[in-house]
$ cat upload-v9.txt   # compact mmCIF, C-alpha atoms
# COMPACT_ATOMS: atom_id res chain seq x y z
CA VAL A 1 -23.30 -63.32 237.68
CA GLU A 2 -22.07 -60.22 239.45
CA VAL A 3 -18.40 -60.09 240.50
CA PRO A 4 -17.79 -58.53 243.93
CA MET A 5 -16.28 -55.07 244.02
CA ALA A 6 -13.16 -56.40 245.71
CA ALA A 7 -12.48 -58.70 242.77
CA ARG A 8 -12.41 -55.86 240.25
CA GLY A 9 -9.04 -54.82 239.01
CA GLU A 10 -7.64 -52.04 236.92
CA GLY A 11 -9.11 -51.80 233.44
CA GLY A 12 -12.33 -53.60 234.38
CA ARG A 13 -13.53 -56.50 236.49
CA ALA A 14 -11.07 -59.22 237.33
CA GLY A 15 -11.82 -62.50 235.60
CA ALA A 16 -14.10 -60.93 232.98
CA PRO A 17 -14.62 -63.55 230.22
CA ALA A 18 -13.00 -63.13 226.83
CA LEU A 19 -15.07 -61.75 223.98
CA HIS A 20 -15.00 -65.05 222.09
CA THR A 21 -16.54 -66.73 225.16
CA THR A 22 -19.42 -64.28 225.57
CA PHE A 23 -19.93 -64.28 221.79
CA GLY A 24 -20.08 -68.08 221.70
CA VAL A 25 -22.45 -68.36 224.66
CA ALA A 26 -24.82 -65.78 223.20
CA ALA A 27 -24.69 -67.23 219.67
CA ALA A 28 -25.29 -70.79 220.87
CA SER A 29 -28.23 -69.75 223.08
CA ALA A 30 -29.94 -67.81 220.29
CA SER A 31 -29.36 -70.56 217.73
CA LEU A 32 -30.99 -73.16 219.98
CA ALA A 33 -33.93 -70.82 220.61
CA GLU A 34 -34.25 -70.18 216.86
CA MET A 35 -34.61 -73.89 216.12
CA VAL A 36 -37.29 -74.32 218.79
CA THR A 37 -39.43 -71.26 217.92
CA LEU A 38 -39.00 -70.82 214.15
CA PRO A 39 -42.47 -72.23 213.24
CA LEU A 40 -44.12 -69.41 215.21
CA ASP A 41 -41.90 -66.87 213.46
CA THR A 42 -42.83 -68.27 210.05
CA ALA A 43 -46.53 -68.06 210.92
CA LYS A 44 -46.02 -64.47 212.10
CA VAL A 45 -44.36 -63.50 208.81
CA ARG A 46 -47.18 -65.02 206.76
CA LEU A 47 -49.81 -63.20 208.83
CA GLN A 48 -48.02 -59.85 208.64
CA LEU A 49 -47.85 -60.06 204.85
CA GLN A 50 -51.62 -60.42 204.53
CA SER A 51 -53.22 -57.07 203.77
CA ARG A 52 -56.33 -56.00 205.64
CA ALA A 53 -58.31 -56.42 202.42
CA GLU A 54 -57.20 -60.04 202.21
CA ALA A 55 -57.99 -60.56 205.86
CA ASP A 56 -61.53 -59.20 205.37
CA SER A 57 -62.25 -61.32 202.33
CA HIS A 58 -63.74 -64.79 202.21
CA ALA A 59 -60.57 -65.99 200.54
CA VAL A 60 -58.39 -65.23 203.57
CA ARG A 61 -55.49 -67.65 203.68
CA TYR A 62 -54.44 -67.50 207.33
CA ARG A 63 -56.71 -66.73 210.30
CA GLY A 64 -54.18 -66.96 213.09
CA PRO A 65 -50.84 -68.54 213.96
CA LEU A 66 -52.18 -72.03 214.57
CA HIS A 67 -54.34 -71.90 211.43
CA ALA A 68 -51.34 -70.63 209.46
CA MET A 69 -49.17 -73.50 210.66
CA ARG A 70 -51.87 -76.09 209.95
CA THR A 71 -52.44 -74.66 206.46
CA MET A 72 -48.73 -74.65 205.71
CA VAL A 73 -48.32 -78.24 206.84
CA ALA A 74 -51.32 -79.35 204.76
CA GLU A 75 -50.32 -77.46 201.61
CA GLU A 76 -46.52 -77.30 201.76
CA GLY A 77 -45.48 -80.03 204.18
CA PRO A 78 -44.06 -79.91 207.73
CA ARG A 79 -40.66 -78.69 206.54
CA SER A 80 -42.24 -75.40 205.45
CA LEU A 81 -42.55 -74.42 209.14
CA TRP A 82 -38.77 -74.39 209.33
CA GLY A 83 -38.33 -72.49 206.07
CA GLY A 84 -35.38 -70.17 206.39
CA LEU A 85 -33.77 -72.16 209.20
CA THR A 86 -30.27 -71.97 207.73
CA PRO A 87 -30.22 -68.19 207.18
CA GLY A 88 -32.06 -67.91 210.50
CA LEU A 89 -29.17 -69.65 212.24
CA HIS A 90 -26.70 -67.48 210.34
CA ARG A 91 -28.62 -64.46 211.57
CA GLN A 92 -28.72 -65.49 215.22
CA PHE A 93 -25.07 -66.52 215.24
CA LEU A 94 -24.03 -63.09 213.97
CA PHE A 95 -26.72 -60.84 215.42
CA THR A 96 -27.07 -62.22 218.93
CA GLY A 97 -23.43 -63.21 219.12
CA ILE A 98 -22.54 -59.55 218.57
CA ARG A 99 -25.41 -57.76 220.30
CA LEU A 100 -25.44 -59.84 223.49
CA GLY A 101 -21.88 -61.17 223.46
CA LEU A 102 -20.39 -57.72 223.02
CA TYR A 103 -22.86 -56.23 225.52
CA GLU A 104 -21.95 -58.78 228.20
CA ARG A 105 -18.22 -58.35 227.57
CA ALA A 106 -18.40 -54.55 227.77
CA LYS A 107 -20.62 -54.61 230.85
CA GLN A 108 -18.48 -57.08 232.76
CA SER A 109 -15.27 -55.24 231.81
CA SER A 110 -16.52 -51.87 233.03
CA GLU A 111 -15.38 -50.10 236.16
CA GLY A 112 -18.31 -50.58 238.51
CA ASP A 113 -21.95 -51.17 237.61
CA LEU A 114 -23.30 -49.30 234.61
CA ALA A 115 -26.22 -46.92 235.12
CA LEU A 116 -29.50 -47.66 233.35
CA GLY A 117 -28.92 -44.98 230.71
CA GLU A 118 -25.44 -46.35 229.98
CA ARG A 119 -26.80 -49.87 229.62
CA ILE A 120 -29.50 -48.68 227.21
CA VAL A 121 -26.96 -46.87 225.04
CA LEU A 122 -24.68 -49.92 225.09
CA ALA A 123 -27.54 -52.29 224.19
CA VAL A 124 -28.69 -50.10 221.29
CA ALA A 125 -25.13 -49.74 219.98
CA THR A 126 -24.31 -53.46 220.11
CA SER A 127 -27.70 -54.33 218.58
CA ALA A 128 -27.09 -51.91 215.72
CA ALA A 129 -23.64 -53.42 215.13
CA GLY A 130 -25.18 -56.88 215.11
CA ILE A 131 -27.80 -56.12 212.47
CA VAL A 132 -25.23 -54.49 210.20
CA ALA A 133 -23.54 -57.89 210.04
CA ALA A 134 -26.74 -59.96 209.97
CA ASN A 135 -29.04 -58.02 207.59
CA PRO A 136 -28.28 -60.25 204.54
CA SER A 137 -29.30 -63.32 206.55
CA ASP A 138 -32.45 -61.51 207.71
CA VAL A 139 -33.44 -60.76 204.11
CA LEU A 140 -32.99 -64.38 203.04
CA LYS A 141 -34.77 -65.74 206.08
CA VAL A 142 -37.90 -63.65 205.45
CA ARG A 143 -37.95 -64.61 201.77
CA PHE A 144 -37.62 -68.31 202.55
CA GLN A 145 -40.46 -68.01 205.06
CA ALA A 146 -42.74 -65.91 202.85
CA HIS A 147 -42.22 -67.61 199.50
CA SER A 148 -41.12 -71.15 200.41
CA LEU A 149 -37.94 -70.73 198.39
CA LYS A 150 -35.99 -73.83 197.38
CA GLY A 151 -32.23 -74.24 197.19
CA SER A 152 -29.30 -73.70 199.51
CA ALA A 153 -28.91 -70.52 201.51
CA LEU A 154 -25.38 -69.96 200.20
CA SER A 155 -26.53 -70.10 196.59
CA MET A 156 -29.36 -67.67 197.41
CA TYR A 157 -26.92 -65.18 198.95
CA ALA A 158 -24.97 -65.22 195.71
CA LYS A 159 -28.10 -65.05 193.55
CA VAL A 160 -29.58 -62.06 195.39
CA ALA A 161 -26.25 -60.22 195.36
CA SER A 162 -25.72 -60.82 191.64
CA THR A 163 -29.27 -60.08 190.45
CA GLU A 164 -30.32 -57.32 192.87
CA GLY A 165 -27.04 -55.96 194.16
CA LEU A 166 -25.58 -55.73 197.63
CA PHE A 167 -27.49 -52.71 198.90
CA LYS A 168 -30.75 -53.16 196.98
CA GLY A 169 -30.75 -56.90 197.57
CA LEU A 170 -28.99 -58.21 200.67
CA TYR A 171 -29.38 -54.88 202.48
CA LYS A 172 -32.94 -54.29 201.30
CA GLY A 173 -35.03 -52.70 204.04
CA PHE A 174 -31.92 -51.99 206.10
CA GLY A 175 -33.23 -48.73 207.58
CA ALA A 176 -36.43 -50.31 208.91
CA ASN A 177 -34.55 -53.41 209.98
CA LEU A 178 -31.96 -51.37 211.85
CA ALA A 179 -34.69 -49.50 213.74
CA ARG A 180 -36.67 -52.67 214.41
CA ASN A 181 -33.79 -54.74 215.70
CA SER A 182 -32.15 -51.96 217.70
CA ILE A 183 -35.45 -51.25 219.48
CA ILE A 184 -36.49 -54.86 220.03
CA SER A 185 -33.04 -56.12 220.98
CA ALA A 186 -32.22 -53.31 223.41
CA THR A 187 -35.67 -53.66 224.99
CA GLU A 188 -35.18 -57.41 225.38
CA ILE A 189 -31.80 -57.03 227.06
CA ILE A 190 -32.71 -54.18 229.43
CA SER A 191 -36.16 -55.59 230.26
CA TYR A 192 -34.70 -58.99 231.02
CA GLU A 193 -32.03 -57.62 233.34
CA THR A 194 -34.45 -55.24 235.07
CA SER A 195 -37.27 -57.74 235.56
CA LYS A 196 -34.89 -60.46 236.74
CA ARG A 197 -33.42 -58.12 239.35
CA PHE A 198 -36.93 -57.04 240.43
CA PHE A 199 -38.07 -60.65 240.85
CA LEU A 200 -35.00 -61.57 242.88
CA ASP A 201 -35.13 -58.46 245.09
CA ASN A 202 -38.88 -58.22 245.70
CA LEU A 203 -40.34 -61.72 245.34
CA PRO A 204 -39.50 -65.03 246.99
CA MET A 205 -37.71 -66.24 243.87
CA ARG A 206 -34.28 -67.76 243.38
CA ASP A 207 -31.86 -67.28 240.49
CA ASP A 208 -32.99 -70.41 238.64
CA TRP A 209 -34.83 -71.38 235.46
CA ARG A 210 -38.20 -70.23 236.85
CA THR A 211 -36.96 -66.68 237.32
CA HIS A 212 -35.22 -66.77 233.94
CA LEU A 213 -38.48 -67.95 232.32
CA ALA A 214 -40.54 -65.19 233.97
CA ALA A 215 -38.00 -62.49 233.12
CA GLY A 216 -37.77 -63.78 229.52
CA CYS A 217 -41.55 -63.59 229.13
CA THR A 218 -41.54 -60.02 230.51
CA ALA A 219 -38.77 -59.04 228.11
CA GLY A 220 -40.67 -60.57 225.19
CA PHE A 221 -43.87 -58.65 225.95
CA ALA A 222 -42.05 -55.32 226.37
CA ALA A 223 -40.15 -55.85 223.12
CA THR A 224 -43.35 -56.72 221.23
CA VAL A 225 -45.16 -53.59 222.43
CA LEU A 226 -42.33 -51.25 221.49
CA GLY A 227 -41.10 -53.05 218.41
CA SER A 228 -44.22 -54.21 216.55
CA PRO A 229 -44.58 -51.18 214.22
CA ALA A 230 -40.92 -51.39 213.15
CA ASP A 231 -41.24 -55.18 212.88
CA VAL A 232 -44.19 -54.95 210.48
CA LEU A 233 -42.42 -52.28 208.40
CA GLY A 234 -39.22 -54.29 208.28
CA THR A 235 -40.99 -57.46 207.16
CA LYS A 236 -42.79 -55.64 204.33
CA ALA A 237 -39.69 -53.70 203.27
CA MET A 238 -37.63 -56.85 202.71
CA GLN A 239 -40.12 -58.42 200.29
CA LYS A 240 -39.24 -58.74 196.62
CA HIS A 241 -42.86 -59.15 195.47
CA GLY A 242 -46.21 -57.70 196.56
CA ARG A 243 -47.85 -54.31 196.92
CA TYR A 244 -45.01 -52.86 198.99
CA ALA A 245 -42.11 -54.17 196.89
CA GLY A 246 -39.56 -51.49 196.02
CA LEU A 247 -40.87 -48.91 198.50
CA THR A 248 -38.88 -47.32 201.29
CA ALA A 249 -39.89 -47.77 204.92
CA THR A 250 -41.33 -44.23 204.97
CA GLN A 251 -43.39 -44.87 201.81
CA ILE A 252 -44.65 -48.16 203.23
CA ALA A 253 -45.65 -46.48 206.50
CA ARG A 254 -47.61 -43.77 204.69
CA LYS A 255 -49.35 -46.28 202.44
CA MET A 256 -50.25 -48.52 205.38
CA LEU A 257 -51.58 -45.57 207.37
CA ARG A 258 -53.67 -44.34 204.41
CA ASN A 259 -55.02 -47.71 203.27
CA GLU A 260 -55.12 -49.86 206.39
CA GLY A 261 -55.12 -47.55 209.40
CA VAL A 262 -53.02 -47.24 212.55
CA LEU A 263 -53.81 -50.75 213.79
CA SER A 264 -52.10 -52.22 210.73
CA PHE A 265 -48.79 -51.39 212.44
CA TYR A 266 -49.75 -53.91 215.11
CA LYS A 267 -50.85 -56.57 212.63
CA GLY A 268 -50.10 -59.99 214.03
CA PHE A 269 -49.39 -58.59 217.52
CA TRP A 270 -50.30 -61.74 219.43
CA PRO A 271 -48.55 -64.09 217.00
CA ASN A 272 -45.59 -61.72 217.21
CA PHE A 273 -45.69 -61.86 221.01
CA CYS A 274 -45.95 -65.65 220.90
CA ARG A 275 -42.83 -65.66 218.75
CA ILE A 276 -40.82 -63.00 220.60
CA GLY A 277 -42.02 -64.20 224.01
CA SER A 278 -41.24 -67.85 223.33
CA PHE A 279 -37.91 -66.92 221.76
CA ASN A 280 -36.93 -64.81 224.77
CA ILE A 281 -37.95 -67.52 227.21
CA ALA A 282 -35.94 -70.13 225.34
CA MET A 283 -32.95 -67.90 224.65
CA TRP A 284 -32.55 -66.55 228.16
CA VAL A 285 -33.01 -69.97 229.79
CA PHE A 286 -30.40 -71.42 227.42
CA PHE A 287 -28.18 -68.36 227.92
CA GLU A 288 -28.20 -68.54 231.71
CA GLU A 289 -27.60 -72.30 231.68
CA ILE A 290 -24.73 -72.17 229.17
CA LYS A 291 -23.26 -69.09 230.85
CA SER A 292 -23.18 -70.88 234.22
CA ARG A 293 -21.31 -73.77 232.62
CA PHE A 294 -18.60 -71.41 231.41
CA ALA A 295 -18.64 -69.35 234.64
CA CYS A 296 -19.27 -66.15 232.66
$ encode --input "upload-v9.txt" --output "structure tokens"
Amino acid sequence: VEVPMAARGEGGRAGAPALHTTFGVAAASASLAEMVTLPLDTAKVRLQLQSRAEADSHAVRYRGPLHAMRTMVAEEGPRSLWGGLTPGLHRQFLFTGIRLGLYERAKQSSEGDLALGERIVLAVATSAAGIVAANPSDVLKVRFQAHSLKGSALSMYAKVASTEGLFKGLYKGFGANLARNSIISATEIISYETSKRFFLDNLPMRDDWRTHLAAGCTAGFAATVLGSPADVLGTKAMQKHGRYAGLTATQIARKMLRNEGVLSFYKGFWPNFCRIGSFNIAMWVFFEEIKSRFAC
């Protein structure tokens, strides 16, 4: 919600919400969206980890997101679709709380409206800060999803740190994950703001859930197009087992390009869009609703 120019005071906009408020609103919105859309994310992870050779064989395990979810339910039970929920909530609380909460606080505290370039830099910076805090949760979430790990998330944090180390374990794949999340997150934020403003200014649409849904879907598609290569690399880099285990993001990229071709970087594009699109729709609708309740 934009604050009129007359209401802005020295040092920023008058009435700008406190950081803990914007952090809480963002974290709550993302956590709710995570619970709703996690099955699609789990199916996406399973599909991305299939090599092209496996996909071309008669023994292919998953043939699409719906087939992946059906197979998982049949073989591992319905709870497998929400594998990694606890570290996933840890991740969203930290990552989105920081990336979007800090972004909103900085934007609303600024003198005047930020230019597009300034908003992009701010979104990339807050997203990078968020993933620095959330990378351990990201690693655990992917492992729970990929390998159906058992046990509590807290015990797994300790186990990974003690057996693999902090940087080689909990911060495994950090470079690829930093690139992936900075690109995807900044694209989501800027695309959402831009498309929402376009819809309100150029179409007979009001600032309600319909506009938030449409802008969220637009943001999800833009983020999937720009972020899919880094997303695939990040998923593979965080694995403990498999053909890419122990390789850097650069080594994985070269091996994928040599063995599987350019299109392998867009493996699982539509499942990925289903996940990112549905997550953005849910998150932004929740975000706008919760934000309005707190008059942010």
$ atom_distance --input "upload-v9.txt" --atom1 "CA of Leu19 in chain A" --atom2 "CA of Gly101 in chain A"
6.9 Å
$ residues_around --input "upload-v9.txt" --residues "range 272-282 of chain A" --least-positions-apart "2" --cutoff "8 Å" --atoms "all atoms listed in the file" --output "list in words"
Leu32, Ala33, Glu34, Val36, Thr37, Leu38, Leu40, Asp41, Lys44, Glu188, His212, Leu213, Ala214, Ala215, Gly216, Cys217, Thr218, Ala219, Gly220, Phe221, Ala223, Thr224, Ser228, Gly268, Phe269, Trp270, Trp284, Val285 and Phe286 of chain A
$ write_last_selection --input "upload-v9.txt" --atoms "C-alpha atoms" --output "PDB file, in the coordinates of the input"
ATOM      1  CA  LEU A  32     -30.990 -73.160 219.980  1.00  0.00           C
ATOM      2  CA  ALA A  33     -33.930 -70.820 220.610  1.00  0.00           C
ATOM      3  CA  GLU A  34     -34.250 -70.180 216.860  1.00  0.00           C
ATOM      4  CA  VAL A  36     -37.290 -74.320 218.790  1.00  0.00           C
ATOM      5  CA  THR A  37     -39.430 -71.260 217.920  1.00  0.00           C
ATOM      6  CA  LEU A  38     -39.000 -70.820 214.150  1.00  0.00           C
ATOM      7  CA  LEU A  40     -44.120 -69.410 215.210  1.00  0.00           C
ATOM      8  CA  ASP A  41     -41.900 -66.870 213.460  1.00  0.00           C
ATOM      9  CA  LYS A  44     -46.020 -64.470 212.100  1.00  0.00           C
ATOM     10  CA  GLU A 188     -35.180 -57.410 225.380  1.00  0.00           C
ATOM     11  CA  HIS A 212     -35.220 -66.770 233.940  1.00  0.00           C
ATOM     12  CA  LEU A 213     -38.480 -67.950 232.320  1.00  0.00           C
ATOM     13  CA  ALA A 214     -40.540 -65.190 233.970  1.00  0.00           C
ATOM     14  CA  ALA A 215     -38.000 -62.490 233.120  1.00  0.00           C
ATOM     15  CA  GLY A 216     -37.770 -63.780 229.520  1.00  0.00           C
ATOM     16  CA  CYS A 217     -41.550 -63.590 229.130  1.00  0.00           C
ATOM     17  CA  THR A 218     -41.540 -60.020 230.510  1.00  0.00           C
ATOM     18  CA  ALA A 219     -38.770 -59.040 228.110  1.00  0.00           C
ATOM     19  CA  GLY A 220     -40.670 -60.570 225.190  1.00  0.00           C
ATOM     20  CA  PHE A 221     -43.870 -58.650 225.950  1.00  0.00           C
ATOM     21  CA  ALA A 223     -40.150 -55.850 223.120  1.00  0.00           C
ATOM     22  CA  THR A 224     -43.350 -56.720 221.230  1.00  0.00           C
ATOM     23  CA  SER A 228     -44.220 -54.210 216.550  1.00  0.00           C
ATOM     24  CA  GLY A 268     -50.100 -59.990 214.030  1.00  0.00           C
ATOM     25  CA  PHE A 269     -49.390 -58.590 217.520  1.00  0.00           C
ATOM     26  CA  TRP A 270     -50.300 -61.740 219.430  1.00  0.00           C
ATOM     27  CA  TRP A 284     -32.550 -66.550 228.160  1.00  0.00           C
ATOM     28  CA  VAL A 285     -33.010 -69.970 229.790  1.00  0.00           C
ATOM     29  CA  PHE A 286     -30.400 -71.420 227.420  1.00  0.00           C
TER      30      PHE A 286
END
$ residues_around --input "upload-v9.txt" --residues "range 182-186 of chain A" --least-positions-apart "4" --cutoff "6 Å" --atoms "all atoms listed in the file" --output "PyMOL selection string"
chain A and resi 123-124+127-128+178+223+227
$ residues_around --input "upload-v9.txt" --residues "Leu94 in chain A" --least-positions-apart "2" --cutoff "7 Å" --atoms "all atoms listed in the file" --output "compact mmCIF listing (two decimals) with C-alpha atoms, keeping the file's coordinate frame"
# COMPACT_ATOMS: atom_id res chain seq x y z
CA HIS A 90 -26.70 -67.48 210.34
CA ARG A 91 -28.62 -64.46 211.57
CA GLN A 92 -28.72 -65.49 215.22
CA THR A 96 -27.07 -62.22 218.93
CA GLY A 97 -23.43 -63.21 219.12
CA ILE A 98 -22.54 -59.55 218.57
CA GLY A 130 -25.18 -56.88 215.11
CA ALA A 133 -23.54 -57.89 210.04
CA ALA A 134 -26.74 -59.96 209.97
$ atom_distance --input "upload-v9.txt" --atom1 "CA of Met283 in chain A" --atom2 "CA of Ala222 in chain A"
15.6 Å
$ residues_around --input "upload-v9.txt" --residues "Asn135 in chain A" --least-positions-apart "3" --cutoff "8 Å" --atoms "only C-alpha atoms" --output "ChimeraX atom specification"
/A:91,131-132,138-139,170-171,174,177
$ atom_distance --input "upload-v9.txt" --atom1 "CA of Ala27 in chain A" --atom2 "CA of Ile290 in chain A"
10.7 Å
$ closest_residue --input "upload-v9.txt" --among "A:Arg70, A:Leu49, A:Lys107, A:Val60" --to "Ala16 in chain A" --atoms "all atoms listed in the file"
A:Lys107
$ residues_around --input "upload-v9.txt" --residues "Lys141 in chain A" --least-positions-apart "3" --cutoff "10 Å" --atoms "all atoms listed in the file" --output "PDB file with C-alpha atoms, keeping the file's coordinate frame"
ATOM      1  CA  THR A  42     -42.830 -68.270 210.050  1.00  0.00           C
ATOM      2  CA  GLY A  83     -38.330 -72.490 206.070  1.00  0.00           C
ATOM      3  CA  GLY A  84     -35.380 -70.170 206.390  1.00  0.00           C
ATOM      4  CA  LEU A  85     -33.770 -72.160 209.200  1.00  0.00           C
ATOM      5  CA  THR A  86     -30.270 -71.970 207.730  1.00  0.00           C
ATOM      6  CA  PRO A  87     -30.220 -68.190 207.180  1.00  0.00           C
ATOM      7  CA  GLY A  88     -32.060 -67.910 210.500  1.00  0.00           C
ATOM      8  CA  LEU A  89     -29.170 -69.650 212.240  1.00  0.00           C
ATOM      9  CA  HIS A  90     -26.700 -67.480 210.340  1.00  0.00           C
ATOM     10  CA  ARG A  91     -28.620 -64.460 211.570  1.00  0.00           C
ATOM     11  CA  ASN A 135     -29.040 -58.020 207.590  1.00  0.00           C
ATOM     12  CA  PRO A 136     -28.280 -60.250 204.540  1.00  0.00           C
ATOM     13  CA  SER A 137     -29.300 -63.320 206.550  1.00  0.00           C
ATOM     14  CA  ASP A 138     -32.450 -61.510 207.710  1.00  0.00           C
ATOM     15  CA  PHE A 144     -37.620 -68.310 202.550  1.00  0.00           C
ATOM     16  CA  GLN A 145     -40.460 -68.010 205.060  1.00  0.00           C
ATOM     17  CA  ALA A 146     -42.740 -65.910 202.850  1.00  0.00           C
ATOM     18  CA  LEU A 149     -37.940 -70.730 198.390  1.00  0.00           C
ATOM     19  CA  ALA A 153     -28.910 -70.520 201.510  1.00  0.00           C
ATOM     20  CA  MET A 238     -37.630 -56.850 202.710  1.00  0.00           C
TER      21      MET A 238
END
$ closest_atom_pairs --input "upload-v9.txt" --of "range 112-231 of chain A" --to "range 245-264 of chain A" --cutoff "12 Å" --atoms "only C-alpha atoms" --output "tab-separated table"
residue	atom	partner	partner_atom	distance
A:Glu164	CA	A:Gly246	CA	11.4
A:Lys168	CA	A:Gly246	CA	9.0
A:Gly169	CA	A:Gly246	CA	10.5
A:Lys172	CA	A:Gly246	CA	8.9
A:Gly173	CA	A:Ala249	CA	7.0
A:Phe174	CA	A:Ala249	CA	9.1
A:Gly175	CA	A:Ala249	CA	7.2
A:Ala176	CA	A:Ala249	CA	5.9
A:Asn177	CA	A:Ala249	CA	9.3
A:Leu178	CA	A:Ala249	CA	11.1
A:Ala179	CA	A:Ala249	CA	10.4
A:Arg180	CA	A:Ala249	CA	11.2
A:Ser228	CA	A:Ser264	CA	10.0
A:Pro229	CA	A:Ser264	CA	8.4
A:Ala230	CA	A:Ala249	CA	9.0
A:Asp231	CA	A:Ala249	CA	11.0
